[in-house]
>>> print(open('target35.csv').read())   # CSV, C-alpha atoms
chain,number,residue,atom,x,y,z
G,760,MET,CA,-9.6,15.7,-35.4
G,761,LYS,CA,-6.0,14.5,-35.6
G,762,ASN,CA,-4.9,17.0,-33.0
G,763,PHE,CA,-7.7,15.8,-30.6
G,764,THR,CA,-6.6,12.2,-31.1
G,765,LYS,CA,-3.0,13.1,-30.3
G,766,LEU,CA,-4.2,14.9,-27.1
G,767,LEU,CA,-6.3,12.0,-26.0
G,768,LEU,CA,-3.5,9.5,-26.6
G,769,GLY,CA,-1.1,11.8,-24.7
G,770,SER,CA,-3.4,12.0,-21.7
G,771,LEU,CA,-3.8,8.2,-21.6
G,772,VAL,CA,0.0,7.9,-21.6
G,773,LEU,CA,0.2,10.3,-18.6
G,774,PHE,CA,-2.5,8.4,-16.7
G,775,SER,CA,-0.7,5.2,-17.4
G,776,LEU,CA,2.6,6.6,-16.2
G,777,SER,CA,1.0,8.0,-13.0
G,778,GLY,CA,-0.6,4.6,-12.3
G,779,CYS,CA,-4.1,6.0,-12.8
G,780,THR,CA,-6.6,4.9,-15.4
G,781,ALA,CA,-9.3,7.1,-17.0
G,782,GLY,CA,-11.9,5.2,-15.0
G,783,ASP,CA,-10.0,6.0,-11.8
G,784,MET,CA,-10.1,9.7,-12.7
G,785,ILE,CA,-13.8,9.7,-13.5
G,786,THR,CA,-14.5,7.7,-10.3
G,787,SER,CA,-12.5,10.2,-8.3
G,788,TYR,CA,-14.3,13.2,-9.8
G,789,THR,CA,-17.7,11.5,-9.2
G,790,SER,CA,-16.8,10.8,-5.6
G,791,ILE,CA,-15.7,14.5,-5.0
G,792,SER,CA,-18.9,15.7,-6.7
G,793,ASP,CA,-21.0,13.4,-4.6
G,794,GLN,CA,-19.3,14.7,-1.4
G,795,SER,CA,-19.8,18.3,-2.4
G,796,GLU,CA,-23.5,17.7,-3.1
G,797,THR,CA,-23.8,15.9,0.3
G,798,THR,CA,-22.1,18.7,2.1
G,799,LEU,CA,-24.3,21.3,0.5
G,800,GLN,CA,-27.4,19.2,1.2
G,801,ASN,CA,-26.4,18.8,4.9
G,802,THR,CA,-25.6,22.5,5.2
G,803,SER,CA,-29.0,23.5,3.8
G,804,GLU,CA,-30.8,20.9,6.0
G,805,THR,CA,-29.0,22.0,9.3
G,806,PRO,CA,-31.6,23.9,11.3
G,807,LYS,CA,-30.6,27.3,12.7
G,808,GLN,CA,-30.0,27.1,16.5
G,809,ARG,CA,-32.9,28.7,18.3
G,810,VAL,CA,-32.3,31.1,21.2
G,811,TYR,CA,-34.7,30.5,24.0
G,812,MET,CA,-35.4,33.5,26.2
G,813,ASP,CA,-37.6,33.7,29.3
G,814,GLU,CA,-37.9,35.6,32.6
G,815,ILE,CA,-38.4,34.8,36.2
G,816,LYS,CA,-40.1,37.1,38.7
G,817,GLY,CA,-39.3,37.3,42.4
G,818,THR,CA,-38.0,39.3,45.3
G,819,LEU,CA,-34.4,40.5,45.6
G,820,LYS,CA,-32.7,39.0,48.6
G,821,ASP,CA,-29.0,39.9,48.1
G,822,PHE,CA,-26.6,41.3,45.5
G,823,THR,CA,-22.8,41.0,45.7
G,824,GLY,CA,-21.8,43.0,42.6
G,825,ALA,CA,-21.7,40.0,40.3
G,826,THR,CA,-24.3,37.6,41.6
G,827,LEU,CA,-27.9,38.1,42.6
G,828,THR,CA,-30.0,36.0,45.0
G,829,MET,CA,-33.8,36.1,44.6
G,830,GLU,CA,-36.8,34.3,45.9
G,831,SER,CA,-39.6,33.2,43.6
G,832,GLN,CA,-42.5,31.0,44.7
G,833,GLU,CA,-40.6,30.0,47.9
G,834,GLN,CA,-37.6,28.8,45.8
G,835,THR,CA,-34.2,30.6,46.0
G,836,TYR,CA,-32.2,31.3,42.8
G,837,VAL,CA,-28.7,32.6,42.4
G,838,PHE,CA,-27.8,34.2,39.1
G,839,ASP,CA,-24.4,35.2,37.6
G,840,LEU,CA,-24.9,38.8,36.4
G,841,SER,CA,-21.3,39.4,35.1
G,842,GLU,CA,-22.7,39.7,31.5
G,843,ALA,CA,-26.1,41.2,32.4
G,844,THR,CA,-27.3,44.8,32.6
G,845,LEU,CA,-29.0,46.3,35.6
G,846,GLU,CA,-32.1,48.4,34.7
G,847,CYS,CA,-34.1,48.7,37.9
G,848,GLU,CA,-35.4,52.2,38.7
G,849,ASP,CA,-34.6,52.0,42.4
G,850,GLY,CA,-31.3,50.1,41.9
G,851,MET,CA,-30.7,46.8,43.8
G,852,ILE,CA,-32.7,47.2,46.9
G,853,THR,CA,-33.5,44.2,49.1
G,854,GLY,CA,-37.2,43.4,49.2
G,855,ASP,CA,-37.8,44.9,45.7
G,856,GLU,CA,-39.8,43.0,43.2
G,857,ILE,CA,-37.7,42.3,40.1
G,858,SER,CA,-37.5,40.2,37.0
G,859,VAL,CA,-34.4,38.4,35.6
G,860,ILE,CA,-34.5,38.0,31.8
G,861,TYR,CA,-32.3,35.1,30.7
G,862,GLU,CA,-31.2,33.1,27.7
G,863,GLY,CA,-31.6,29.3,27.8
G,864,GLN,CA,-33.8,26.9,29.7
G,865,LEU,CA,-34.0,27.0,33.5
G,866,SER,CA,-33.9,23.6,35.1
G,867,ASN,CA,-35.4,23.6,38.5
G,868,LYS,CA,-33.1,25.9,40.7
G,869,ASP,CA,-30.0,25.2,38.5
G,870,THR,CA,-29.2,28.6,37.1
G,871,SER,CA,-25.9,27.4,35.6
G,872,THR,CA,-27.9,26.3,32.5
G,873,VAL,CA,-28.9,29.9,31.6
G,874,LYS,CA,-27.3,33.2,30.9
G,875,ALA,CA,-28.7,36.3,32.6
G,876,LEU,CA,-29.2,39.2,30.2
G,877,LYS,CA,-31.1,41.9,32.2
G,878,VAL,CA,-32.4,42.6,35.7
G,879,VAL,CA,-35.5,44.9,35.5
G,880,ASP,CA,-38.3,46.1,37.7
G,881,ASP,CA,-41.2,43.6,37.7
G,882,PHE,CA,-43.8,45.1,35.4
G,883,HIS,CA,-46.6,43.7,37.5
G,884,LYS,CA,-45.4,44.8,40.9
G,885,LYS,CA,-47.8,44.0,43.7
G,886,ASN,CA,-46.1,46.2,46.2
G,887,GLN,CA,-44.2,49.4,45.6
G,888,LEU,CA,-41.2,50.1,47.8
G,889,GLU,CA,-42.4,52.3,50.6
G,890,VAL,CA,-40.4,54.9,52.5
G,891,ARG,CA,-39.8,53.6,55.9
G,892,LYS,CA,-38.3,55.3,59.0
G,893,ALA,CA,-35.8,54.2,61.6
G,894,TYR,CA,-34.9,56.0,64.8
G,895,GLY,CA,-31.8,55.3,66.8
G,896,GLU,CA,-28.8,56.5,68.7
G,897,VAL,CA,-25.7,57.3,66.6
G,898,GLN,CA,-22.7,55.0,67.1
G,899,SER,CA,-20.5,56.1,64.3
G,900,LEU,CA,-20.5,58.2,61.1
G,901,THR,CA,-18.3,58.0,58.0
G,902,PRO,CA,-18.5,59.4,54.5
G,903,ASN,CA,-20.4,56.2,53.3
G,904,THR,CA,-22.0,54.8,56.5
G,905,ILE,CA,-23.9,55.6,59.6
G,906,THR,CA,-24.4,53.1,62.5
G,907,ILE,CA,-27.3,53.5,64.9
G,908,LYS,CA,-28.7,51.5,67.8
G,909,ASN,CA,-32.5,51.4,68.1
G,910,LYS,CA,-34.6,51.2,71.2
G,911,LYS,CA,-34.6,47.4,71.2
G,912,GLY,CA,-30.8,47.4,71.3
G,913,LYS,CA,-30.2,46.3,67.7
G,914,THR,CA,-27.6,48.0,65.6
G,915,ALA,CA,-27.6,48.6,61.9
G,916,THR,CA,-25.1,50.2,59.5
G,917,TYR,CA,-26.8,52.1,56.7
G,918,PRO,CA,-25.1,53.0,53.4
G,919,ILE,CA,-25.3,56.8,53.1
G,920,THR,CA,-23.1,57.8,50.1
G,921,GLY,CA,-24.5,61.0,48.7
G,922,THR,CA,-27.4,61.1,51.2
G,923,GLU,CA,-28.9,64.4,52.4
G,924,GLN,CA,-28.1,65.0,56.1
G,925,TYR,CA,-29.1,67.8,58.5
G,926,TYR,CA,-28.0,67.9,62.2
G,927,GLN,CA,-29.7,70.9,63.7
G,928,ASN,CA,-28.1,70.4,67.1
G,929,GLY,CA,-24.8,69.0,65.9
G,930,ILE,CA,-23.7,65.4,65.4
G,931,ARG,CA,-21.9,63.2,68.0
G,932,THR,CA,-22.1,59.9,69.7
G,933,GLY,CA,-25.4,59.5,71.5
G,934,VAL,CA,-27.4,61.8,69.3
G,935,TRP,CA,-30.7,60.3,68.2
G,936,VAL,CA,-31.5,60.6,64.5
G,937,TYR,CA,-34.3,59.7,62.1
G,938,ILE,CA,-33.4,57.7,59.0
G,939,HIS,CA,-35.8,57.6,56.0
G,940,PHE,CA,-35.1,54.7,53.6
G,941,LYS,CA,-36.5,52.3,51.1
G,942,GLY,CA,-36.2,48.5,51.2
G,943,LYS,CA,-36.2,45.7,53.7
G,944,PHE,CA,-33.4,44.4,56.0
G,945,ALA,CA,-31.7,41.4,54.5
G,946,SER,CA,-32.8,38.2,56.2
G,947,SER,CA,-30.4,36.6,58.7
G,948,GLN,CA,-30.1,32.9,59.7
G,949,ASN,CA,-29.6,34.1,63.3
G,950,THR,CA,-32.8,35.6,64.5
G,951,GLN,CA,-31.2,36.4,67.8
G,952,SER,CA,-28.5,38.5,66.3
G,953,SER,CA,-28.1,42.0,67.8
G,954,SER,CA,-27.5,43.6,64.4
G,955,LEU,CA,-29.6,44.1,61.3
G,956,ASN,CA,-28.3,43.9,57.7
G,957,ALA,CA,-29.0,47.2,56.0
G,958,SER,CA,-26.3,47.0,53.4
G,959,HIS,CA,-28.7,47.1,50.4
G,960,LEU,CA,-31.2,49.7,51.4
G,961,LYS,CA,-31.5,53.1,49.9
G,962,VAL,CA,-31.2,55.9,52.5
G,963,LEU,CA,-33.0,59.0,51.5
G,964,SER,CA,-32.3,61.4,54.4
G,965,ILE,CA,-30.8,61.6,57.9
G,966,SER,CA,-31.7,64.2,60.5
G,967,ASP,CA,-32.1,64.8,64.2
G,968,ILE,CA,-35.5,66.4,63.5
G,969,ASP,CA,-38.4,64.9,61.7
G,970,PRO,CA,-39.5,66.0,59.2
G,971,LEU,CA,-36.3,67.4,57.9
G,972,THR,CA,-37.0,71.1,57.8
G,973,LEU,CA,-34.3,73.8,57.3
G,974,PRO,CA,-34.6,77.1,59.1
G,975,ASP,CA,-35.1,80.3,57.2
G,976,PRO,CA,-31.8,81.9,56.2
G,977,THR,CA,-30.4,84.4,58.6
G,978,PRO,CA,-30.9,87.9,57.3
G,979,THR,CA,-27.8,89.8,56.3
G,980,PRO,CA,-27.0,92.3,59.1
G,981,ASP,CA,-26.9,96.0,58.5
G,982,PRO,CA,-23.2,97.0,58.0
G,983,ALA,CA,-23.8,100.0,60.2
G,984,GLN,CA,-24.7,97.7,63.0
G,985,VAL,CA,-21.8,95.3,62.6
G,986,SER,CA,-19.1,95.8,65.3
G,987,ALA,CA,-15.9,97.3,64.2
G,988,ASP,CA,-14.2,94.5,66.0
G,989,ALA,CA,-12.9,92.2,63.3
G,990,SER,CA,-13.0,89.2,65.6
G,991,ALA,CA,-16.8,89.6,65.8
G,992,LYS,CA,-17.3,89.9,62.0
G,993,GLU,CA,-18.8,86.8,60.4
G,994,GLN,CA,-16.9,85.2,57.5
G,995,GLN,CA,-17.1,82.1,55.3
G,996,ILE,CA,-14.4,79.6,54.4
G,997,HIS,CA,-14.9,77.4,51.3
G,998,ALA,CA,-13.2,74.0,51.7
G,999,GLU,CA,-13.0,70.5,50.2
G,1000,ILE,CA,-14.1,67.6,52.3
G,1001,GLN,CA,-11.3,65.1,52.9
G,1002,ASN,CA,-13.1,62.8,55.5
G,1003,ILE,CA,-15.7,62.7,58.2
G,1004,SER,CA,-15.4,60.6,61.4
G,1005,LEU,CA,-18.4,61.0,63.6
G,1006,ASN,CA,-18.3,64.7,64.7
G,1007,THR,CA,-14.9,65.5,63.2
G,1008,LEU,CA,-15.0,66.9,59.6
G,1009,THR,CA,-11.6,67.1,57.9
G,1010,VAL,CA,-11.4,69.7,55.2
G,1011,LEU,CA,-8.8,71.4,53.0
G,1012,PRO,CA,-9.6,75.2,52.7
G,1013,SER,CA,-9.4,76.7,49.3
G,1014,GLY,CA,-5.9,78.1,48.7
G,1015,SER,CA,-4.4,76.2,51.6
G,1016,ASP,CA,-2.1,73.2,51.6
G,1017,SER,CA,-3.0,72.2,55.2
G,1018,THR,CA,-6.1,70.4,56.3
G,1019,ILE,CA,-8.1,71.5,59.3
G,1020,ASN,CA,-10.5,69.6,61.6
G,1021,VAL,CA,-14.0,71.1,62.3
G,1022,ASP,CA,-15.8,69.9,65.4
G,1023,LEU,CA,-19.5,69.4,64.4
G,1024,SER,CA,-20.7,68.2,67.8
G,1025,GLN,CA,-22.4,71.4,68.8
G,1026,ILE,CA,-23.1,73.3,65.5
G,1027,PRO,CA,-25.8,73.0,62.9
G,1028,SER,CA,-24.6,71.1,59.8
G,1029,TYR,CA,-26.3,70.5,56.5
G,1030,PHE,CA,-25.0,68.4,53.7
G,1031,LYS,CA,-27.5,68.2,50.8
G,1032,GLY,CA,-25.3,65.9,48.7
G,1033,GLY,CA,-23.8,64.0,51.6
G,1034,THR,CA,-20.2,64.2,52.9
G,1035,ALA,CA,-18.3,62.5,50.1
G,1036,PRO,CA,-14.6,63.3,49.8
G,1037,GLY,CA,-14.0,65.8,47.0
G,1038,SER,CA,-17.2,67.7,47.6
G,1039,TYR,CA,-17.2,71.2,49.1
G,1040,VAL,CA,-18.6,72.9,52.2
G,1041,THR,CA,-18.9,76.5,53.4
G,1042,ILE,CA,-17.8,77.0,57.0
G,1043,THR,CA,-19.4,80.0,58.6
G,1044,CYS,CA,-17.3,81.5,61.5
G,1045,THR,CA,-16.2,84.5,63.4
G,1046,GLY,CA,-12.6,85.5,64.2
G,1047,GLN,CA,-9.4,85.8,62.1
G,1048,PHE,CA,-8.8,82.6,60.0
G,1049,GLN,CA,-5.2,82.3,59.3
G,1050,GLY,CA,-5.5,79.7,56.5
G,1051,ASN,CA,-4.2,76.6,58.3
G,1052,SER,CA,-5.8,76.6,61.8
G,1053,LEU,CA,-9.0,77.4,63.5
G,1054,ASP,CA,-7.3,78.7,66.6
G,1055,GLY,CA,-9.1,81.9,67.6
G,1056,VAL,CA,-12.0,81.1,65.3
G,1057,THR,CA,-15.5,80.2,66.3
G,1058,VAL,CA,-17.4,78.0,63.8
G,1059,THR,CA,-21.1,78.7,63.8
G,1060,ALA,CA,-22.4,76.5,60.9
G,1061,VAL,CA,-21.2,74.1,58.2
G,1062,THR,CA,-23.2,73.9,54.9
G,1063,GLY,CA,-22.3,71.5,52.0
G,1064,ASP,CA,-22.5,72.8,48.4
G,1065,ASP,CA,-25.9,72.1,46.6
G,1066,PRO,CA,-25.2,69.5,43.9
G,1067,ASP,CA,-28.5,70.5,42.2
G,1068,SER,CA,-27.0,73.9,41.4
G,1069,LEU,CA,-23.8,72.4,39.8
G,1070,GLY,CA,-23.2,71.2,36.3
G,1071,SER,CA,-21.7,67.7,35.8
G,1072,ARG,CA,-18.3,69.1,35.3
G,1073,GLU,CA,-18.4,70.9,38.6
G,1074,ILE,CA,-19.5,67.8,40.7
G,1075,THR,CA,-16.5,66.4,42.6
G,1076,SER,CA,-18.1,63.9,45.0
G,1077,SER,CA,-16.1,60.7,45.0
G,1078,VAL,CA,-16.1,57.2,46.4
G,1079,SER,CA,-13.0,54.9,46.5
G,1080,GLY,CA,-12.7,51.2,47.2
G,1081,THR,CA,-11.8,47.8,46.0
G,1082,ILE,CA,-13.7,46.1,43.2
G,1083,ILE,CA,-15.6,43.1,44.4
G,1084,GLY,CA,-17.7,42.5,41.2
G,1085,HIS,CA,-19.2,43.9,38.1
G,1086,THR,CA,-22.0,43.5,35.6
G,1087,ALA,CA,-22.2,44.6,31.9
G,1088,ASN,CA,-23.0,48.2,33.1
G,1089,THR,CA,-22.0,48.5,36.7
G,1090,VAL,CA,-19.1,48.0,39.1
G,1091,THR,CA,-19.4,47.4,42.8
G,1092,LEU,CA,-16.8,48.6,45.4
G,1093,GLN,CA,-16.0,47.6,49.0
G,1094,THR,CA,-15.1,50.9,50.6
G,1095,GLY,CA,-12.6,51.3,53.4
G,1096,ASP,CA,-15.4,52.3,55.8
G,1097,GLY,CA,-17.3,49.1,55.2
G,1098,ALA,CA,-19.9,50.1,52.6
G,1099,THR,CA,-20.8,48.2,49.5
G,1100,ILE,CA,-21.3,50.8,46.7
G,1101,THR,CA,-22.5,50.0,43.1
G,1102,CYS,CA,-22.0,52.5,40.3
G,1103,PHE,CA,-23.1,52.7,36.7
G,1104,THR,CA,-20.2,52.6,34.3
G,1105,GLU,CA,-21.9,53.5,31.0
G,1106,GLY,CA,-20.9,57.0,29.8
G,1107,ALA,CA,-18.2,57.5,32.4
G,1108,LYS,CA,-14.7,58.6,31.4
G,1109,ASP,CA,-12.6,55.7,32.4
G,1110,THR,CA,-8.8,56.3,32.8
G,1111,SER,CA,-8.2,53.4,35.2
G,1112,THR,CA,-6.0,50.5,34.6
G,1113,SER,CA,-8.3,48.1,36.5
G,1114,ASN,CA,-10.1,46.5,33.6
G,1115,MET,CA,-12.9,46.1,36.2
G,1116,GLU,CA,-11.0,43.1,37.7
G,1117,SER,CA,-11.8,42.1,41.3
G,1118,GLY,CA,-9.3,43.3,43.8
G,1119,ALA,CA,-8.3,46.5,41.8
G,1120,GLY,CA,-8.6,49.8,43.6
G,1121,ILE,CA,-10.5,52.6,41.9
G,1122,CYS,CA,-11.9,56.0,42.6
G,1123,ILE,CA,-15.2,57.0,41.1
G,1124,THR,CA,-16.6,60.6,40.8
G,1125,PHE,CA,-20.3,60.2,41.0
G,1126,ASP,CA,-23.4,62.5,40.5
G,1127,PRO,CA,-25.5,62.5,43.7
G,1128,THR,CA,-28.4,64.3,42.0
G,1129,LYS,CA,-29.0,61.3,39.7
G,1130,SER,CA,-29.1,58.8,42.6
G,1131,LYS,CA,-31.6,60.3,45.0
G,1132,ASN,CA,-33.9,57.3,44.8
G,1133,SER,CA,-31.6,54.6,43.6
G,1134,ASN,CA,-28.7,52.9,45.4
G,1135,ILE,CA,-26.8,52.6,42.1
G,1136,TYR,CA,-24.8,55.8,41.5
G,1137,THR,CA,-24.2,57.4,38.2
G,1138,SER,CA,-20.4,57.6,37.4
G,1139,ILE,CA,-18.9,60.7,35.8
G,1140,LYS,CA,-15.3,59.6,36.0
G,1141,ILE,CA,-13.4,56.4,36.9
G,1142,GLN,CA,-9.7,56.4,37.7
G,1143,ASP,CA,-7.1,54.5,39.7
G,1144,ALA,CA,-7.3,55.0,43.5
>>> encode(input="target35.csv", output="structure tokens")
Amino acid sequence: MKNFTKLLLGSLVLFSLSGCTAGDMITSYTSISDQSETTLQNTSETPKQRVYMDEIKGTLKDFTGATLTMESQEQTYVFDLSEATLECEDGMITGDEISVIYEGQLSNKDTSTVKALKVVDDFHKKNQLEVRKAYGEVQSLTPNTITIKNKKGKTATYPITGTEQYYQNGIRTGVWVYIHFKGKFASSQNTQSSSLNASHLKVLSISDIDPLTLPDPTPTPDPAQVSADASAKEQQIHAEIQNISLNTLTVLPSGSDSTINVDLSQIPSYFKGGTAPGSYVTITCTGQFQGNSLDGVTVTAVTGDDPDSLGSREITSSVSGTIIGHTANTVTLQTGDGATITCFTEGAKDTSTSNMESGAGICITFDPTKSKNSNIYTSIKIQDA
């Protein structure tokens, strides 16, 4: 008891010296306790923030790689897709019926108040995308585009990356071809324009005959009937596509360090997986091929490798360009020949230094077999261009 009395007196002396009374200490403690209880009470009473999600259905009008324009009930909406995933079976094809799933509350046409999460096919589609056909005169041909002029004089440049092509009578300016595609031409403010916007269609095939029907393979001749003249003996050259410009196919023969140009204007040509740089063709010819020139050689046919018969590690089709936009699972390129190409990035080996930033140049190895009906291509590898 004496010890407790001494301790109490000592404490009072300390309080006195510090300018605090026992009442002050109790008051201070009471105040802190009240604040703590108030804080706990406020914390427990604060409602959890609710996440509001909804969707809007409509028709795709345009897609730039990072933004989407759609029309719903005669209203136009523009969504930022930089953090959204694209999950439409046919890709981003103009005229397709889609749904945008978003977070937040949409106020009239102001999409800045919401965050787009996904773009998916409209579950209640009224109209499936039909396969349509165009017929026109060839103006130009590149690895990723073909431009034709129809009978009404209107021109259209179609995206043809990885598209099956067969030219039974060769390809050149003035040849008339059939183009099978899905989607609708993007609307234009100028109805008198001489060109049609085909940038977001999905081209399924191109051929100078309709339907596209390949001839039966030529039977292998009896060796006894083959001329002893080596110049008349048929041979095949395996080569890597470097470029195509209308009727001129530039290739690098296997084992050679020099490219050669093949004139396709008068010979049958078939490219099942398109004419993407990096893919391979077999050149059938007669004569003595010296490895770096077609002088003295007569080319009779050109046939692209069949991507359906290749494993993913063997596929070398590529597309290069400048990044113009990206979503959570895609990147969109503007190619040097004027095409806008979107590729899935999920699962691809990415060794590029681009960080998917706009303006960066990249090269994508894609699988044409997984994009037969979609205009979004499946990437295998992404690297700096």
>>> closest_residue(input="target35.csv", among="G:Thr914, G:Ser1028, G:Thr828, G:Thr1128", to="Ser952 of chain G", atoms="all atoms listed in the file")
G:Thr914
>>> closest_residue(input="target35.csv", among="G:Ile996, G:Val878, G:Val897, G:Leu819", to="Gly942 of chain G", atoms="all atoms listed in the file")
G:Leu819
>>> atom_distance(input="target35.csv", atom1="atom CA of Val873 of chain G", atom2="atom CA of Ile1135 of chain G")
25.1 Å
>>> closest_residue(input="target35.csv", among="G:Ser1013, G:Gln927, G:Thr872, G:Thr1086", to="Asn1051 of chain G", atoms="all atoms listed in the file")
G:Ser1013
>>> residues_near_point(input="target35.csv", point="(-13.6, 56.2, 39.1)", cutoff="7 Å", atoms="only C-alpha atoms", output="PyMOL selection string")
chain G and resi 1109+1121-1124+1140-1143
>>> residues_near_point(input="target35.csv", point="(-14.1, 49.6, 58.7)", cutoff="12 Å", atoms="all atoms listed in the file", output="list in words")
Ser899, Leu900, Thr901, Pro902, Asn903, Thr904, Ile905, Thr906, Thr916, Ser1004, Gly1080, Gln1093, Thr1094, Gly1095, Asp1096, Gly1097, Ala1098 and Thr1099 of chain G
>>> write_last_selection(input="target35.csv", atoms="C-alpha atoms", output="PDB file, keeping the file's coordinate frame")
ATOM      1  CA  SER G 899     -20.500  56.100  64.300  1.00  0.00           C
ATOM      2  CA  LEU G 900     -20.500  58.200  61.100  1.00  0.00           C
ATOM      3  CA  THR G 901     -18.300  58.000  58.000  1.00  0.00           C
ATOM      4  CA  PRO G 902     -18.500  59.400  54.500  1.00  0.00           C
ATOM      5  CA  ASN G 903     -20.400  56.200  53.300  1.00  0.00           C
ATOM      6  CA  THR G 904     -22.000  54.800  56.500  1.00  0.00           C
ATOM      7  CA  ILE G 905     -23.900  55.600  59.600  1.00  0.00           C
ATOM      8  CA  THR G 906     -24.400  53.100  62.500  1.00  0.00           C
ATOM      9  CA  THR G 916     -25.100  50.200  59.500  1.00  0.00           C
ATOM     10  CA  SER G1004     -15.400  60.600  61.400  1.00  0.00           C
ATOM     11  CA  GLY G1080     -12.700  51.200  47.200  1.00  0.00           C
ATOM     12  CA  GLN G1093     -16.000  47.600  49.000  1.00  0.00           C
ATOM     13  CA  THR G1094     -15.100  50.900  50.600  1.00  0.00           C
ATOM     14  CA  GLY G1095     -12.600  51.300  53.400  1.00  0.00           C
ATOM     15  CA  ASP G1096     -15.400  52.300  55.800  1.00  0.00           C
ATOM     16  CA  GLY G1097     -17.300  49.100  55.200  1.00  0.00           C
ATOM     17  CA  ALA G1098     -19.900  50.100  52.600  1.00  0.00           C
ATOM     18  CA  THR G1099     -20.800  48.200  49.500  1.00  0.00           C
TER      19      THR G1099
END
>>> residues_around(input="target35.csv", residues="Asp855 of chain G", least_positions_apart="5", cutoff="12 Å", atoms="all atoms listed in the file", output="NGL selection string")
:G and (816-822 or 828-830 or 847-850 or 878-882 or 884-889 or 941-945 or 959-961 or 1133)
>>> write_last_selection(input="target35.csv", atoms="C-alpha atoms", output="tab-separated table (two decimals), keeping the file's coordinate frame")
chain	number	residue	atom	x	y	z
G	816	LYS	CA	-40.10	37.10	38.70
G	817	GLY	CA	-39.30	37.30	42.40
G	818	THR	CA	-38.00	39.30	45.30
G	819	LEU	CA	-34.40	40.50	45.60
G	820	LYS	CA	-32.70	39.00	48.60
G	821	ASP	CA	-29.00	39.90	48.10
G	822	PHE	CA	-26.60	41.30	45.50
G	828	THR	CA	-30.00	36.00	45.00
G	829	MET	CA	-33.80	36.10	44.60
G	830	GLU	CA	-36.80	34.30	45.90
G	847	CYS	CA	-34.10	48.70	37.90
G	848	GLU	CA	-35.40	52.20	38.70
G	849	ASP	CA	-34.60	52.00	42.40
G	850	GLY	CA	-31.30	50.10	41.90
G	878	VAL	CA	-32.40	42.60	35.70
G	879	VAL	CA	-35.50	44.90	35.50
G	880	ASP	CA	-38.30	46.10	37.70
G	881	ASP	CA	-41.20	43.60	37.70
G	882	PHE	CA	-43.80	45.10	35.40
G	884	LYS	CA	-45.40	44.80	40.90
G	885	LYS	CA	-47.80	44.00	43.70
G	886	ASN	CA	-46.10	46.20	46.20
G	887	GLN	CA	-44.20	49.40	45.60
G	888	LEU	CA	-41.20	50.10	47.80
G	889	GLU	CA	-42.40	52.30	50.60
G	941	LYS	CA	-36.50	52.30	51.10
G	942	GLY	CA	-36.20	48.50	51.20
G	943	LYS	CA	-36.20	45.70	53.70
G	944	PHE	CA	-33.40	44.40	56.00
G	945	ALA	CA	-31.70	41.40	54.50
G	959	HIS	CA	-28.70	47.10	50.40
G	960	LEU	CA	-31.20	49.70	51.40
G	961	LYS	CA	-31.50	53.10	49.90
G	1133	SER	CA	-31.60	54.60	43.60
>>> atom_distance(input="target35.csv", atom1="atom CA of Val1010 of chain G", atom2="atom CA of Asn1134 of chain G")
26.0 Å
>>> residues_around(input="target35.csv", residues="Ile965 of chain G", least_positions_apart="3", cutoff="9 Å", atoms="only C-alpha atoms", output="PyMOL selection string")
chain G and resi 919+922-926+936-939+962+968+971
>>> closest_residue(input="target35.csv", among="G:Tyr917, G:Phe1125, G:Phe1048, G:Phe1030", to="Ser1015 of chain G", atoms="all atoms listed in the file")
G:Phe1048
